[in-house]
Amino acid sequence: MEINKSYEPQKIEKKWYENSIKNGYFTPKKDKNKKPYTVLIPPPNVTGILHMGHVLNNTLQDVMIRYKRMTGVPTLWIPGVDHAGIATQNVVEKQLANEGKTRHDIGREKLVERIWDWKEEKGGRIIEQLKQLGCSCDWTRERFTMDEGLSDAVKEVFIRLYEKDLIYKGKRIINWCPRCVTALANDEVDHKDETGNLWNMHYPLKDGSGFITVATTRPETMLGDTAVAVHPDDERYQNLIGKTVILPFIEREIPIIADEYVEKDFGSGCVKITPAHDPNDFEVGQRHDLEKIIIMDEHGIMNKKAGKEFEGLTRFECRKKIIELLKAKELLGEIEPHDHAVGHCYRCETVIESYLSDQWFVKMEPMAKRAIEVVKSGEVQLQPKRWVKVYLHWMENIRDWCISRQIWWGHRIPAYYCDECGEIAVAKETPGKCTKCGNTKFTQDEDVLDTWFSSWLWPFSTMGWPNKTEDLDYFLPTNLLVTAPGIIYLWVARMIMATLEFQDKIPFDTVLLHGMVLDETGMKMSKSLGNSPDPIHIIEEYGADALRFSMIFNTPKGADSYYTNSILDIGRNFANKIWNAYRFMMMNVEKIDGLPKQEDLKLELADKWIYSRLNEVIKLTTKNYEELRLNDTANILMDFIWKEFCSWYLELSKDRIYNDENHEEQLTAKYVLLDVFQSSMRLLQPIMPFITEEIWMGIKEYFPMSEESLVIAEFPEVNEDFIDEKIDIDMTQIQETITAIRTLRKQVNLAPKVEIEIFIKVADDKQIELLKSYENYFLKLAKVTTMKAGINLVKPTSSIAAVVQNMEVYLPLEGLIDLDGEREKFTKQLIKLEKELKIISGKLNNTKFIANAPENIVKKEKEKFSEIETKVVKTKELLAGLN
């Protein structure tokens, strides 16, 4: 068998991924006798390219899908891409800008055509990257949120909700992005803490008796004020309620009203009311029937209603000018620094504006009730559980969802206005005739639906709804959703509501919420900060398996993942270790003819121990996969394969593998090596699918297995008969003793080939029997040629010692080293160490040093003291042994 000296992931990974696609291993076969396991991919944006967050998210999903596939259940991972309305339109609009054009120059139809062209040319890039990562999605079911089927589902849902009065159109204050020129839902606004100013402004009373002071962080909105409000119980202003003030610059007379919305103890206790530019003021305006004056256009430019002095200015230019003019008119009071959260567009980071506009909304409260119940009852489980409180808080305080967007790319709202009478008709196609006036000409609503309106239907629209399909019957509810906590509201909660509303089922039973991928300083990774590596470059250099393993190994369940390039060494080194073990095994076992039956094996302690440990690992690994503790699985498997199989069992099996004179022992060692290693590859396949497939296929040449591929091979089942606690204890004692002997050798720098004699003082005869029975292990792994063990054994002269459990291990040094030279060397070392210890002790006992030195310096000195103190104790022990 030709096996490369070094592992080359680039060749192996592509080969085995293409093999899986070719053979349809990722497409499930429905079996009504088996409950399926289904995962829905959080659809990446069509504009997206793979980043480290995608790597973590999709690797977690793939690990679970691959694991469940091996347990024999039909597994389905539905892939797809989101049309990403604002983001995708922005990409194409930037292209137009480079040509000196805007979307209005080419019109709606041409812009949408260009976006479809861009999608066909470049929109599939992230899908190809997910394939490079090894994602085992059923690509025959790939969906796009604007494909024909999903578009039909969107229209169907809109119509049904409209007919139930759960969708309505109305004038409301919404979040408006002047850069993207569209409404944003509350959850699409990123609030950032900023230090701004609270400006106190004086509004003169009409009767000339003085002025009233109001405070604001947005002075430009004063131009739209239609009242000043005070609390009805605020005694300071009782005599002013019902009077009027004159709004500076505009000279509009506005009333002083009483409303409980006002906080008496905040600022002056007087609040300016701008119903068209603040959501709370809008509510006050509704209660008091105040005029709603819009003072800026959709781009954030002041309009005619703002007055001649300010018309044409941007909102921030207007703010600056108002402050200057108020100061000149002596109407500006105190300017106070003010920390507050400022809303920004989640796409372009522009400061959003509260804006009165005609928009479409979904009434969420009626649908939220059941979505709350299924989480409270545990029917839908959020993991980690701490996110349940966050989910419930949001759902119990839910607001109506603004679903209309003033862009052209997306699902156009299926609402039509009669050109004659203005009657609204909601339908999938243009109506034939107005039901009110009989007119046959209609104009469709210009707006498109929020991108999330198609995404919230993802669990069932991807399976063919509104048609009744086999997939819906078989695969819904799905089992697992893996996503980030940041979209609990935007997506997770809405999917639960929609699926309950339209399918009367939960969409999934488990939601795994993972943390963010952060750099080593704790900053979120992003391209703009320059701290986010390109995963494809990593895959090309290290391999997908190494990247996948490193990310899983490094990410505790539900926690943030701290990424540095150094973590990739974990996966790469592990892959190399596995490969080297495989290469050594195959180079040797192929020379041994035959393979015994399991019942004919002549098992010794090491064989029984590795089988016992394998079955314990199977048990733990299965439990951790089921509980989504994937990093624990990675840790357990690396420890078992590297430390127990490679470092111990493989080394202990070499003598038998090389011993041509005892064919029976050779065959046993061959069988156990191949069996345990192929089982280990099965356990590891979900995390490292490619190297495990290559190795498993190679082992299959010499160790017959019925499955045609590891992807669809059986996951190992624990055999309790193999688990033997006594064997584990015996082997652990031997391993700890060998490790102690190796440590003693290192202390006096004995070369690896130097043979030694060892004395061991034991607690009982059983220990003597155990040690004597496996003297060959000590010879093989610690070069012990003679071992003397006894209960009353006396420590030999000129020997160093170690304690192992209730035994004492002695290594006589006479004849092995220059005792006088070693005594002199260690004496000098001790004098030097004690001198260093004295200096550090002096520093740490100096109160001035402790009081004035930086905390990290004091900490380092304490750590150094502890380290040197340990060395002093060790050196004294060595010197004692040399005497």
# chains A, B, ... in the order shown; residues from 1 in each chain; ligands from 1
>>> residues_around(residues="A:Lys876", least_positions_apart="3", cutoff="10 Å", atoms="only C-alpha atoms", output="PyMOL selection string")
chain A and resi 826-827+829-830+871-873+879-882
>>> write_last_selection(atoms="C-alpha atoms", output="CSV table (one decimal), in the first residue's frame")
chain,number,residue,atom,x,y,z
A,826,PHE,CA,23.1,20.5,41.8
A,827,THR,CA,24.8,22.2,44.8
A,829,GLN,CA,22.2,25.2,41.2
A,830,LEU,CA,20.8,25.2,44.7
A,871,LYS,CA,12.8,24.1,42.0
A,872,VAL,CA,14.6,24.5,45.4
A,873,VAL,CA,12.6,21.7,46.9
A,879,LEU,CA,20.9,16.1,46.3
A,880,ALA,CA,19.6,13.9,49.1
A,881,GLY,CA,19.3,11.0,46.7
A,882,LEU,CA,22.8,11.5,45.5
>>> select_by_dssp(residues="stretch 604-704 of chain A", states="alpha helix (DSSP H)", output="NGL selection string")
:A and (605-626 or 630-638 or 651-658 or 663-684 or 689-700)
>>> closest_residue(among="A:Ile691, A:Leu595, A:Thr510, A:Glu298", to="A:Gly543", atoms="only C-alpha atoms")
A:Ile691
>>> atom_distance(atom1="atom CA of A:Glu8", atom2="atom CA of A:Glu701")
20.6 Å
>>> closest_residue(among="A:Ile488, A:Ile791, A:Ala669, A:Val157", to="A:Gln503", atoms="only C-alpha atoms")
A:Val157
>>> closest_atom_pairs(of="stretch 460-554 of chain A", to="stretch 32-54 of chain A", cutoff="8 Å", atoms="only C-alpha atoms", output="Markdown table")
| residue | atom | partner | partner_atom | distance |
| --- | --- | --- | --- | --- |
| A:Tyr474 | CA | A:Pro36 | CA | 7.4 |
| A:Phe475 | CA | A:Thr38 | CA | 6.4 |
| A:Leu476 | CA | A:Thr38 | CA | 8.0 |
| A:Thr478 | CA | A:Thr38 | CA | 4.8 |
| A:Asn479 | CA | A:Thr38 | CA | 5.3 |
| A:Leu480 | CA | A:Val39 | CA | 5.1 |
| A:Leu481 | CA | A:Val39 | CA | 6.2 |
| A:Val482 | CA | A:Pro42 | CA | 7.6 |
| A:Thr483 | CA | A:Pro42 | CA | 6.9 |
| A:Met516 | CA | A:Gly53 | CA | 6.7 |
| A:Val517 | CA | A:Gly53 | CA | 5.8 |
| A:Met525 | CA | A:Met52 | CA | 7.8 |
| A:Ser532 | CA | A:Met52 | CA | 7.2 |
| A:Pro533 | CA | A:Met52 | CA | 7.5 |
| A:Asp534 | CA | A:His51 | CA | 6.5 |
| A:Pro535 | CA | A:His51 | CA | 6.2 |
| A:Ile536 | CA | A:Leu50 | CA | 7.6 |
>>> residues_around(residues="A:Phe361", least_positions_apart="6", cutoff="6 Å", atoms="only C-alpha atoms", output="list in words")
Ile167, Tyr168, Trp401, Cys402 and Ile403 of chain A
>>> closest_residue(among="A:Ser377, A:Asn719, A:Ser209, A:Ser20", to="A:Lys619", atoms="only C-alpha atoms")
A:Asn719
>>> closest_residue(among="A:Asn98, A:Thr451, A:Thr216, A:Asn631", to="A:Ala183", atoms="only C-alpha atoms")
A:Thr451
>>> residues_around(residues="stretch 745-757 of chain A", least_positions_apart="2", cutoff="8 Å", atoms="only C-alpha atoms", output="number ranges by chain")
A: 741-743, 759, 783-787, 811-812, 816-817
>>> atom_distance(atom1="atom CA of A:Phe677", atom2="atom CA of A:Ala544")
21.2 Å
>>> residues_around(residues="A:Met681", least_positions_apart="5", cutoff="8 Å", atoms="only C-alpha atoms", output="JSON, numbers by chain")
{"A": [692, 693, 695, 696]}
>>> write_last_selection(atoms="N, CA and C atoms", output="mmCIF file, in the first residue's frame")
data_model
loop_
_atom_site.group_PDB
_atom_site.id
_atom_site.type_symbol
_atom_site.label_atom_id
_atom_site.label_comp_id
_atom_site.auth_asym_id
_atom_site.auth_seq_id
_atom_site.Cartn_x
_atom_site.Cartn_y
_atom_site.Cartn_z
ATOM 1 N N THR A 692 -10.438 10.797 8.216
ATOM 2 C CA THR A 692 -10.982 9.549 8.766
ATOM 3 C C THR A 692 -11.460 8.625 7.654
ATOM 4 N N GLU A 693 -12.044 9.204 6.591
ATOM 5 C CA GLU A 693 -12.501 8.387 5.449
ATOM 6 C C GLU A 693 -11.310 7.736 4.750
ATOM 7 N N ILE A 695 -8.356 7.020 5.948
ATOM 8 C CA ILE A 695 -7.751 5.991 6.800
ATOM 9 C C ILE A 695 -8.663 4.773 6.913
ATOM 10 N N TRP A 696 -9.939 5.003 7.113
ATOM 11 C CA TRP A 696 -10.891 3.901 7.255
ATOM 12 C C TRP A 696 -10.928 3.049 5.989
#
